[in-house]
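Enquirer: What follows is target.csv, CSV, C-alpha atoms (C1' of nucleotides).
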chain,number,residue,atom,x,y,z
A,1,MET,CA,-5.6,8.0,10.3
A,2,THR,CA,-4.8,9.7,7.0
A,3,ALA,CA,-1.7,7.5,6.7
A,4,ASP,CA,-0.8,6.2,3.3
A,5,PRO,CA,-2.2,2.7,2.5
A,6,VAL,CA,1.1,0.9,2.8
A,7,SER,CA,1.7,2.4,6.3
A,8,ALA,CA,-1.8,1.5,7.3
A,9,VAL,CA,-1.3,-2.1,6.3
A,10,PHE,CA,2.0,-2.4,8.2
A,11,ALA,CA,0.6,-0.7,11.2
A,12,ALA,CA,-2.4,-3.0,11.2
A,13,LEU,CA,-0.1,-6.0,11.1
A,14,ALA,CA,2.1,-4.7,13.9
A,15,ASP,CA,-0.2,-6.2,16.5
A,16,PRO,CA,-0.2,-9.9,17.4
A,17,THR,CA,-3.9,-10.0,18.1
A,18,ARG,CA,-4.7,-8.6,14.7
A,19,ARG,CA,-2.4,-11.1,13.0
A,20,ALA,CA,-4.1,-13.9,14.9
A,21,ILE,CA,-7.4,-12.6,13.7
A,22,LEU,CA,-6.2,-12.7,10.1
A,23,ALA,CA,-4.8,-16.2,10.6
A,24,ARG,CA,-8.2,-17.3,11.8
A,25,LEU,CA,-10.0,-15.6,8.9
A,26,ALA,CA,-7.6,-17.3,6.4
A,27,THR,CA,-9.4,-20.5,7.3
A,28,GLY,CA,-12.8,-19.0,6.5
A,29,GLU,CA,-15.3,-16.2,7.4
A,30,ALA,CA,-16.4,-15.6,11.0
A,31,THR,CA,-18.6,-13.4,13.1
A,32,VAL,CA,-17.2,-11.0,15.7
A,33,ASN,CA,-18.1,-13.2,18.6
A,34,GLU,CA,-16.4,-16.2,17.0
A,35,LEU,CA,-13.3,-14.1,16.3
A,36,ALA,CA,-13.2,-12.8,19.9
A,37,GLU,CA,-13.6,-16.2,21.5
A,38,PRO,CA,-9.9,-17.1,21.8
A,39,PHE,CA,-8.8,-13.8,23.2
A,40,PRO,CA,-8.8,-12.6,26.9
A,41,ILE,CA,-9.9,-9.1,26.0
A,42,SER,CA,-13.3,-7.5,25.7
A,43,LEU,CA,-15.5,-7.7,22.6
A,44,GLN,CA,-15.2,-4.0,22.2
A,45,ALA,CA,-11.4,-4.2,21.9
A,46,ILE,CA,-11.9,-6.9,19.2
A,47,SER,CA,-14.3,-4.6,17.5
A,48,LYS,CA,-11.7,-1.9,17.4
A,49,HIS,CA,-9.1,-4.3,16.0
A,50,LEU,CA,-11.5,-5.2,13.3
A,51,THR,CA,-12.0,-1.5,12.5
A,52,VAL,CA,-8.2,-1.1,12.1
A,53,LEU,CA,-8.0,-4.2,9.8
A,54,GLU,CA,-11.0,-2.9,7.8
A,55,ARG,CA,-9.5,0.5,7.3
A,56,ALA,CA,-6.3,-1.2,6.1
A,57,GLY,CA,-8.4,-3.1,3.6
A,58,LEU,CA,-7.4,-6.4,5.1
A,59,ILE,CA,-10.9,-7.5,6.0
A,60,VAL,CA,-14.5,-6.8,4.8
A,61,ARG,CA,-17.4,-6.7,7.2
A,62,THR,CA,-20.9,-7.4,6.0
A,63,ARG,CA,-24.2,-7.2,7.9
A,64,GLU,CA,-26.3,-10.3,8.3
A,65,ALA,CA,-29.3,-9.9,10.6
A,66,GLN,CA,-27.7,-9.0,13.9
A,67,TRP,CA,-24.4,-10.5,13.0
A,68,ARG,CA,-21.4,-9.0,11.2
A,69,ARG,CA,-19.6,-11.5,9.1
A,70,CYS,CA,-15.9,-10.8,8.6
A,71,ARG,CA,-14.0,-12.0,5.5
A,72,LEU,CA,-10.3,-11.6,4.8
A,73,ASP,CA,-9.3,-9.6,1.7
A,74,PRO,CA,-5.9,-10.7,0.6
A,75,ALA,CA,-5.3,-7.7,-1.8
A,76,PRO,CA,-3.1,-5.7,0.7
A,77,LEU,CA,-1.1,-8.8,1.5
A,78,ARG,CA,-0.3,-9.2,-2.1
A,79,THR,CA,0.8,-5.6,-2.2
A,80,LEU,CA,3.0,-6.3,0.8
A,81,ALA,CA,4.5,-9.3,-0.9
A,82,GLU,CA,5.4,-7.1,-3.8
A,83,TRP,CA,6.9,-4.5,-1.5
A,84,VAL,CA,9.1,-6.9,0.3
A,85,ASP,CA,10.1,-8.5,-3.0
A,86,GLN,CA,11.9,-5.3,-3.9
A,87,TYR,CA,14.5,-6.4,-1.4
A,88,ARG,CA,14.7,-10.1,-2.3
A,89,ARG,CA,18.0,-9.8,-4.1
A,90,LEU,CA,19.6,-8.6,-0.8
A,91,TRP,CA,19.1,-12.0,0.8
A,92,ASP,CA,18.8,-14.2,-2.3
A,93,GLU,CA,22.0,-13.4,-4.3
A,94,ARG,CA,24.5,-15.1,-1.9
A,95,HIS,CA,25.3,-11.7,-0.5
A,96,ASP,CA,25.9,-12.8,3.0
A,97,ALA,CA,29.2,-13.4,4.7
A,98,LEU,CA,28.6,-17.1,5.3
A,99,ASP,CA,27.9,-17.7,1.6
A,100,ASP,CA,31.1,-15.8,0.7
A,101,TYR,CA,33.0,-17.9,3.2
A,102,LEU,CA,31.6,-21.2,1.8
A,103,ARG,CA,32.3,-20.2,-1.8
A,104,ASP,CA,35.9,-19.2,-0.9
A,105,LEU,CA,36.3,-22.5,0.9
A,106,LYS,CA,35.1,-24.4,-2.2
A,107,GLU,CA,37.4,-22.5,-4.5
A,108,THR,CA,40.4,-23.0,-2.2
A,109,SER,CA,39.7,-26.7,-2.0
A,110,ARG,CA,39.4,-26.9,-5.8
A,111,ASP,CA,42.7,-25.1,-6.3
A,112,ARG,CA,44.4,-27.4,-3.9
A,113,ASN,CA,42.9,-30.6,-5.5
A,114,PRO,CA,42.5,-29.8,-9.2
B,1,MET,CA,9.2,-2.1,23.7
B,2,THR,CA,9.1,-5.8,24.7
B,3,ALA,CA,7.1,-6.5,21.5
B,4,ASP,CA,7.7,-9.8,19.7
B,5,PRO,CA,10.2,-9.6,16.8
B,6,VAL,CA,7.6,-9.8,14.1
B,7,SER,CA,5.5,-7.0,15.6
B,8,ALA,CA,8.7,-4.9,15.9
B,9,VAL,CA,9.5,-5.4,12.2
B,10,PHE,CA,6.0,-4.5,11.1
B,11,ALA,CA,5.9,-1.5,13.4
B,12,ALA,CA,9.3,-0.3,12.1
B,13,LEU,CA,8.0,-0.5,8.5
B,14,ALA,CA,4.8,1.3,9.3
B,15,ASP,CA,6.5,4.7,8.9
B,16,PRO,CA,7.2,6.2,5.4
B,17,THR,CA,10.3,7.9,6.6
B,18,ARG,CA,11.8,4.6,7.9
B,19,ARG,CA,10.8,2.8,4.7
B,20,ALA,CA,12.5,5.6,2.7
B,21,ILE,CA,15.6,5.1,4.8
B,22,LEU,CA,15.6,1.4,4.1
B,23,ALA,CA,15.2,2.1,0.4
B,24,ARG,CA,18.2,4.3,0.5
B,25,LEU,CA,20.3,1.8,2.4
B,26,ALA,CA,19.3,-0.9,-0.2
B,27,THR,CA,21.6,1.0,-2.6
B,28,GLY,CA,24.5,0.9,-0.1
B,29,GLU,CA,25.8,2.0,3.3
B,30,ALA,CA,25.4,5.5,4.5
B,31,THR,CA,26.1,7.8,7.5
B,32,VAL,CA,23.4,9.4,9.6
B,33,ASN,CA,23.9,12.8,8.0
B,34,GLU,CA,23.7,11.3,4.5
B,35,LEU,CA,20.5,9.5,5.4
B,36,ALA,CA,19.0,12.6,7.0
B,37,GLU,CA,19.7,14.9,4.0
B,38,PRO,CA,16.5,14.3,2.0
B,39,PHE,CA,14.1,14.7,4.9
B,40,PRO,CA,12.7,17.9,6.3
B,41,ILE,CA,13.0,16.8,9.9
B,42,SER,CA,15.7,17.2,12.5
B,43,LEU,CA,18.8,15.0,12.7
B,44,GLN,CA,17.7,13.8,16.1
B,45,ALA,CA,14.4,12.6,14.7
B,46,ILE,CA,16.4,10.6,12.1
B,47,SER,CA,18.6,9.2,14.8
B,48,LYS,CA,15.4,8.0,16.6
B,49,HIS,CA,14.2,6.3,13.4
B,50,LEU,CA,17.5,4.6,13.1
B,51,THR,CA,17.2,3.3,16.6
B,52,VAL,CA,13.8,1.8,15.8
B,53,LEU,CA,15.1,0.2,12.6
B,54,GLU,CA,18.1,-1.2,14.6
B,55,ARG,CA,15.9,-2.6,17.3
B,56,ALA,CA,13.9,-4.4,14.7
B,57,GLY,CA,17.1,-5.8,13.3
B,58,LEU,CA,16.6,-4.1,9.9
B,59,ILE,CA,19.9,-2.1,10.1
B,60,VAL,CA,23.3,-2.4,11.8
B,61,ARG,CA,25.2,0.7,13.0
B,62,THR,CA,28.9,0.6,13.3
B,63,ARG,CA,31.2,3.2,14.8
B,64,GLU,CA,33.8,4.8,12.5
B,65,ALA,CA,35.6,7.8,14.0
B,66,GLN,CA,32.8,10.3,14.7
B,67,TRP,CA,30.6,8.7,12.1
B,68,ARG,CA,28.1,6.0,12.4
B,69,ARG,CA,27.9,3.9,9.3
B,70,CYS,CA,24.5,2.3,8.7
B,71,ARG,CA,24.0,-0.9,6.8
B,72,LEU,CA,20.8,-2.7,5.9
B,73,ASP,CA,20.3,-6.3,7.3
B,74,PRO,CA,17.8,-8.1,5.1
B,75,ALA,CA,17.2,-11.0,7.5
B,76,PRO,CA,13.9,-9.6,9.0
B,77,LEU,CA,12.7,-8.8,5.5
B,78,ARG,CA,13.2,-12.4,4.5
B,79,THR,CA,11.2,-13.4,7.6
B,80,LEU,CA,8.5,-11.0,6.5
B,81,ALA,CA,8.4,-12.5,3.0
B,82,GLU,CA,7.9,-15.9,4.6
B,83,TRP,CA,5.2,-14.6,6.8
B,84,VAL,CA,3.2,-13.1,4.0
B,85,ASP,CA,3.8,-16.2,1.9
B,86,GLN,CA,1.5,-18.1,4.3
B,87,TYR,CA,-1.3,-16.2,2.7
B,88,ARG,CA,-0.2,-16.5,-0.9
B,89,ARG,CA,-2.7,-19.1,-1.9
B,90,LEU,CA,-5.5,-16.7,-1.0
B,91,TRP,CA,-4.7,-14.5,-3.9
B,92,ASP,CA,-2.9,-17.0,-6.1
B,93,GLU,CA,-5.3,-19.9,-6.4
B,94,ARG,CA,-8.1,-18.1,-8.4
B,95,HIS,CA,-10.1,-17.8,-5.2
B,96,ASP,CA,-11.6,-14.4,-5.9
B,97,ALA,CA,-15.1,-13.7,-7.1
B,98,LEU,CA,-14.0,-12.4,-10.5
B,99,ASP,CA,-12.1,-15.6,-11.2
B,100,ASP,CA,-15.0,-17.7,-10.1
B,101,TYR,CA,-17.3,-15.7,-12.4
B,102,LEU,CA,-15.0,-16.0,-15.4
B,103,ARG,CA,-14.6,-19.7,-14.8
B,104,ASP,CA,-18.3,-20.2,-14.6
B,105,LEU,CA,-18.8,-18.2,-17.7
B,106,LYS,CA,-16.3,-20.4,-19.6
B,107,GLU,CA,-17.9,-23.6,-18.4
B,108,THR,CA,-21.4,-22.4,-19.3
B,109,SER,CA,-20.2,-21.5,-22.7
B,110,ARG,CA,-18.5,-24.8,-23.1
B,111,ASP,CA,-21.7,-26.6,-22.0
B,112,ARG,CA,-23.7,-24.6,-24.5
B,113,ASN,CA,-21.3,-25.2,-27.4
B,114,PRO,CA,-19.7,-28.6,-26.8
C,1,DT,C1',44.8,22.6,23.8
C,2,DG,C1',40.7,24.1,21.9
C,3,DT,C1',37.3,24.0,18.4
C,4,DA,C1',34.4,22.0,14.9
C,5,DA,C1',31.8,18.1,13.1
C,6,DA,C1',28.8,13.9,13.7
C,7,DT,C1',25.8,11.9,16.5
C,8,DT,C1',23.3,10.8,20.6
C,9,DC,C1',20.9,11.8,25.0
C,10,DA,C1',17.4,14.2,27.8
C,11,DA,C1',13.3,16.5,28.5
C,12,DC,C1',9.3,18.0,26.8
C,13,DT,C1',4.7,18.2,23.7
C,14,DC,C1',1.0,16.4,21.3
C,15,DA,C1',-1.4,12.7,18.9
C,16,DT,C1',-2.4,8.0,18.6
C,17,DC,C1',-3.1,3.2,20.5
C,18,DG,C1',-4.8,-0.6,23.0
C,19,DG,C1',-7.5,-1.4,26.6
C,20,DT,C1',-11.5,-0.6,29.8
C,21,DT,C1',-16.7,0.2,31.2
C,22,DA,C1',-21.2,2.0,30.1
C,23,DA,C1',-24.5,3.2,26.8
C,24,DT,C1',-26.7,2.6,22.3
C,25,DC,C1',-28.1,0.5,18.0
C,26,DA,C1',-30.1,-3.2,15.1
C,27,DT,C1',-32.3,-7.4,14.6
C,28,DC,C1',-34.7,-11.6,15.8
C,29,DT,C1',-38.1,-14.0,18.6
C,30,DA,C1',-41.4,-15.0,22.4
D,1,DT,C1',-44.4,-5.0,22.1
D,2,DA,C1',-40.7,-6.5,25.2
D,3,DG,C1',-36.6,-8.9,25.8
D,4,DA,C1',-32.5,-11.1,24.3
D,5,DT,C1',-28.6,-11.3,21.2
D,6,DG,C1',-24.8,-9.4,18.5
D,7,DA,C1',-22.1,-5.7,17.8
D,8,DT,C1',-20.7,-0.7,17.7
D,9,DT,C1',-20.1,3.9,19.8
D,10,DA,C1',-18.6,7.0,23.4
D,11,DA,C1',-15.8,8.5,27.0
D,12,DC,C1',-12.1,7.7,29.4
D,13,DC,C1',-7.0,6.1,30.9
D,14,DG,C1',-2.1,5.0,30.7
D,15,DA,C1',1.5,4.0,27.5
D,16,DT,C1',3.9,4.7,23.4
D,17,DG,C1',5.3,7.3,19.0
D,18,DA,C1',7.0,11.0,16.3
D,19,DG,C1',8.5,15.3,16.5
D,20,DT,C1',10.9,19.4,18.8
D,21,DT,C1',14.9,22.1,21.2
D,22,DG,C1',19.0,22.1,24.0
D,23,DA,C1',22.9,19.9,26.1
D,24,DA,C1',26.4,16.2,26.1
D,25,DT,C1',29.6,12.9,23.9
D,26,DT,C1',33.1,11.4,20.8
D,27,DT,C1',36.6,12.1,17.5
D,28,DA,C1',39.5,14.6,14.1
D,29,DC,C1',42.3,18.4,13.4
D,30,DA,C1',44.6,23.2,13.6
What is this structure when it is put down as structure tokens?

Expert:
Amino acid sequence: MTADPVSAVFAALADPTRRAILARLATGEATVNELAEPFPISLQAISKHLTVLERAGLIVRTREAQWRRCRLDPAPLRTLAEWVDQYRRLWDERHDALDDYLRDLKETSRDRNP
Amino acid sequence: MTADPVSAVFAALADPTRRAILARLATGEATVNELAEPFPISLQAISKHLTVLERAGLIVRTREAQWRRCRLDPAPLRTLAEWVDQYRRLWDERHDALDDYLRDLKETSRDRNP
DNA sequence: TGTAAATTCAACTCATCGGTTAATCATCTA
DNA sequence: TAGATGATTAACCGATGAGTTGAATTTACA
């Protein structure tokens, strides 16, 4: 549980139920019961998922009478986008074999019909 | 182990050692020994990490004599970038409290001094 | 042929994860 | 004050994850 923040975010997102919860929260705040409704698992299991998301900083839970309202916090997702962006050049800069093939094809054709 | 591809990628990236391996491979191909060199864990542990990365589609291993050359495959990272991009509007479109506050402040000031 | 090098496979340990059920806490309302 | 409602905590279980050590596999080379 003392994992670094980046690992905590990746681990939190490595579960389809938690990603579905995030997708739901992207459309607006919700209570735990509302979040649990679509899933075939117990409310307690959902509560655990929410704890994981909260520890990763992906959601914030606030008390409101006997309800707990959950809100998505996009900050870790932004960090994630920056992390993955480090690698963008690897798929952006026509580095793959197909692109090379197509470029070669074009050049060959140009040489043949100048 | 029958996890969906997205979960597999997130899970693979939820480990600092594996992320470090990827960072190393972003600079070029490497053998298992070369990849293991900076880490204080056994070669077998590294081999396991590579299996996880391979199953997630993040690397490709090819035989070459008694060596196994590892190469990064950026395709899953691209998928990941697209996934996180779904949420971009949440942090891009001045949706946070501070932005709202600053905009309100500006408008109030404009109303006061037209 | 035999040995060294590079890597994987196998078996094991320990911690964590995702789920369960049962109990508890917090708050509103009759 | 007593339920009812919403949610968390606790204790447990089976599966998986990350690491270990030791043995096996594959290939080059003397």

Enquirer: Could you tell me which of A:Leu72, A:Thr31, A:Gln66, A:Ala56 comes closest to A:Val6 if we count all atoms listed in the file?

Expert: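 Of the candidates, the smallest distance to A:Val6 is held by A:Ala56.
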
Enquirer: So which one's closest to chain B, D:DC13, D:DG22, D:DA28, D:DG3? Using only C-alpha atoms (C1' of nucleotides), please.

Expert: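 Smallest separation from chain B among the options: D:DA28.
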
Enquirer: Please identify every residue of chain B that has at least one atom no farther than 10 Å from an atom of chain D, counting only C-alpha atoms (C1' of nucleotides), and for each give the shortest atom pair and the distance in Å to one decimal, arranged by chain then increasing number, as CSV.

Expert:
residue,atom,partner,partner_atom,distance
B:Met1,CA,D:DT16,C1',8.6
B:Asp15,CA,D:DA18,C1',9.7
B:Ile41,CA,D:DG19,C1',8.1
B:Ser42,CA,D:DT20,C1',8.2
B:Gln44,CA,D:DT20,C1',9.2
B:Ala45,CA,D:DG19,C1',6.7
B:Lys48,CA,D:DA18,C1',8.9
B:His49,CA,D:DA18,C1',9.1
B:Glu64,CA,D:DT27,C1',9.3
B:Ala65,CA,D:DT27,C1',5.6
B:Gln66,CA,D:DT27,C1',5.1
B:Trp67,CA,D:DT27,C1',8.8

Enquirer: Enumerate, in order of chain and increasing residue number, the residues of chain B with an atom no farther than 8 Å from chain A, each with its shortest atom pair and distance in Å to one decimal, counting all atoms listed in the file, as JSON lines.

Expert:
{"residue": "B:Val6", "atom": "CA", "partner": "A:Ala14", "partner_atom": "CA", "distance": 7.5}
{"residue": "B:Ser7", "atom": "CA", "partner": "A:Ala14", "partner_atom": "CA", "distance": 4.4}
{"residue": "B:Ala8", "atom": "CA", "partner": "A:Ala14", "partner_atom": "CA", "distance": 6.9}
{"residue": "B:Val9", "atom": "CA", "partner": "A:Ala14", "partner_atom": "CA", "distance": 7.6}
{"residue": "B:Phe10", "atom": "CA", "partner": "A:Ala14", "partner_atom": "CA", "distance": 4.8}
{"residue": "B:Ala11", "atom": "CA", "partner": "A:Ala14", "partner_atom": "CA", "distance": 5.0}
{"residue": "B:Leu13", "atom": "CA", "partner": "A:Phe10", "partner_atom": "CA", "distance": 6.3}
{"residue": "B:Ala14", "atom": "CA", "partner": "A:Ser7", "partner_atom": "CA", "distance": 4.5}
{"residue": "B:Asp15", "atom": "CA", "partner": "A:Ser7", "partner_atom": "CA", "distance": 5.9}
{"residue": "B:Pro16", "atom": "CA", "partner": "A:Ser7", "partner_atom": "CA", "distance": 6.7}
{"residue": "B:Ala26", "atom": "CA", "partner": "A:Tyr87", "partner_atom": "CA", "distance": 7.4}
{"residue": "B:Pro74", "atom": "CA", "partner": "A:Trp91", "partner_atom": "CA", "distance": 5.9}
{"residue": "B:Ala75", "atom": "CA", "partner": "A:Trp91", "partner_atom": "CA", "distance": 7.0}
{"residue": "B:Leu77", "atom": "CA", "partner": "A:Val84", "partner_atom": "CA", "distance": 6.6}
{"residue": "B:Arg78", "atom": "CA", "partner": "A:Trp91", "partner_atom": "CA", "distance": 7.0}
{"residue": "B:Leu80", "atom": "CA", "partner": "A:Val84", "partner_atom": "CA", "distance": 7.5}
{"residue": "B:Ala81", "atom": "CA", "partner": "A:Val84", "partner_atom": "CA", "distance": 6.3}
{"residue": "B:Val84", "atom": "CA", "partner": "A:Ala81", "partner_atom": "CA", "distance": 6.3}
{"residue": "B:Asp85", "atom": "CA", "partner": "A:Ala81", "partner_atom": "CA", "distance": 7.5}
{"residue": "B:Tyr87", "atom": "CA", "partner": "A:Ala26", "partner_atom": "CA", "distance": 7.4}
{"residue": "B:Arg88", "atom": "CA", "partner": "A:Arg78", "partner_atom": "CA", "distance": 7.4}
{"residue": "B:Leu90", "atom": "CA", "partner": "A:Pro74", "partner_atom": "CA", "distance": 6.2}
{"residue": "B:Trp91", "atom": "CA", "partner": "A:Pro74", "partner_atom": "CA", "distance": 6.0}

Enquirer: Could you list, as a list in words, the residues of chain C having an atom within 12 Å of chain A when counting only C-alpha atoms (C1' of nucleotides)?

Expert: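 Taken together, these residues fit the definition: DA15, DT16, DC17, DG18, DG19, DT20, DT21, DA22, DC25, DA26, DT27 and DC28 of chain C.
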
Enquirer: Please measure the separation of atom CA of B:Arg61 and atom C1' of C:DA5, giving the value in Å to one decimal.

Expert: 18.6 Å

Enquirer: Quote the spacing between atom CA of B:Cys70 and atom C1' of C:DA11 in Å to one decimal place.

Expert: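 Between atom CA of B:Cys70 and atom C1' of C:DA11 the gap is 26.8 Å.
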
Enquirer: Step by step: start from the point (23.3, 0.3, 16.3) in the file's coordinates, keep every protein, DNA or RNA residue that has an atom no farther than 7 Å from it, count only C-alpha atoms (C1' of nucleotides), and write the set as a list in words.

Expert: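 The residues that fall inside the cut-off are Thr51, Glu54, Val60, Arg61 and Thr62 of chain B.
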
Enquirer: Atom CA of A:Pro38 and atom CA of A:Ile59 are how many Å apart?

Expert: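 These atoms are spaced 18.5 Å apart.
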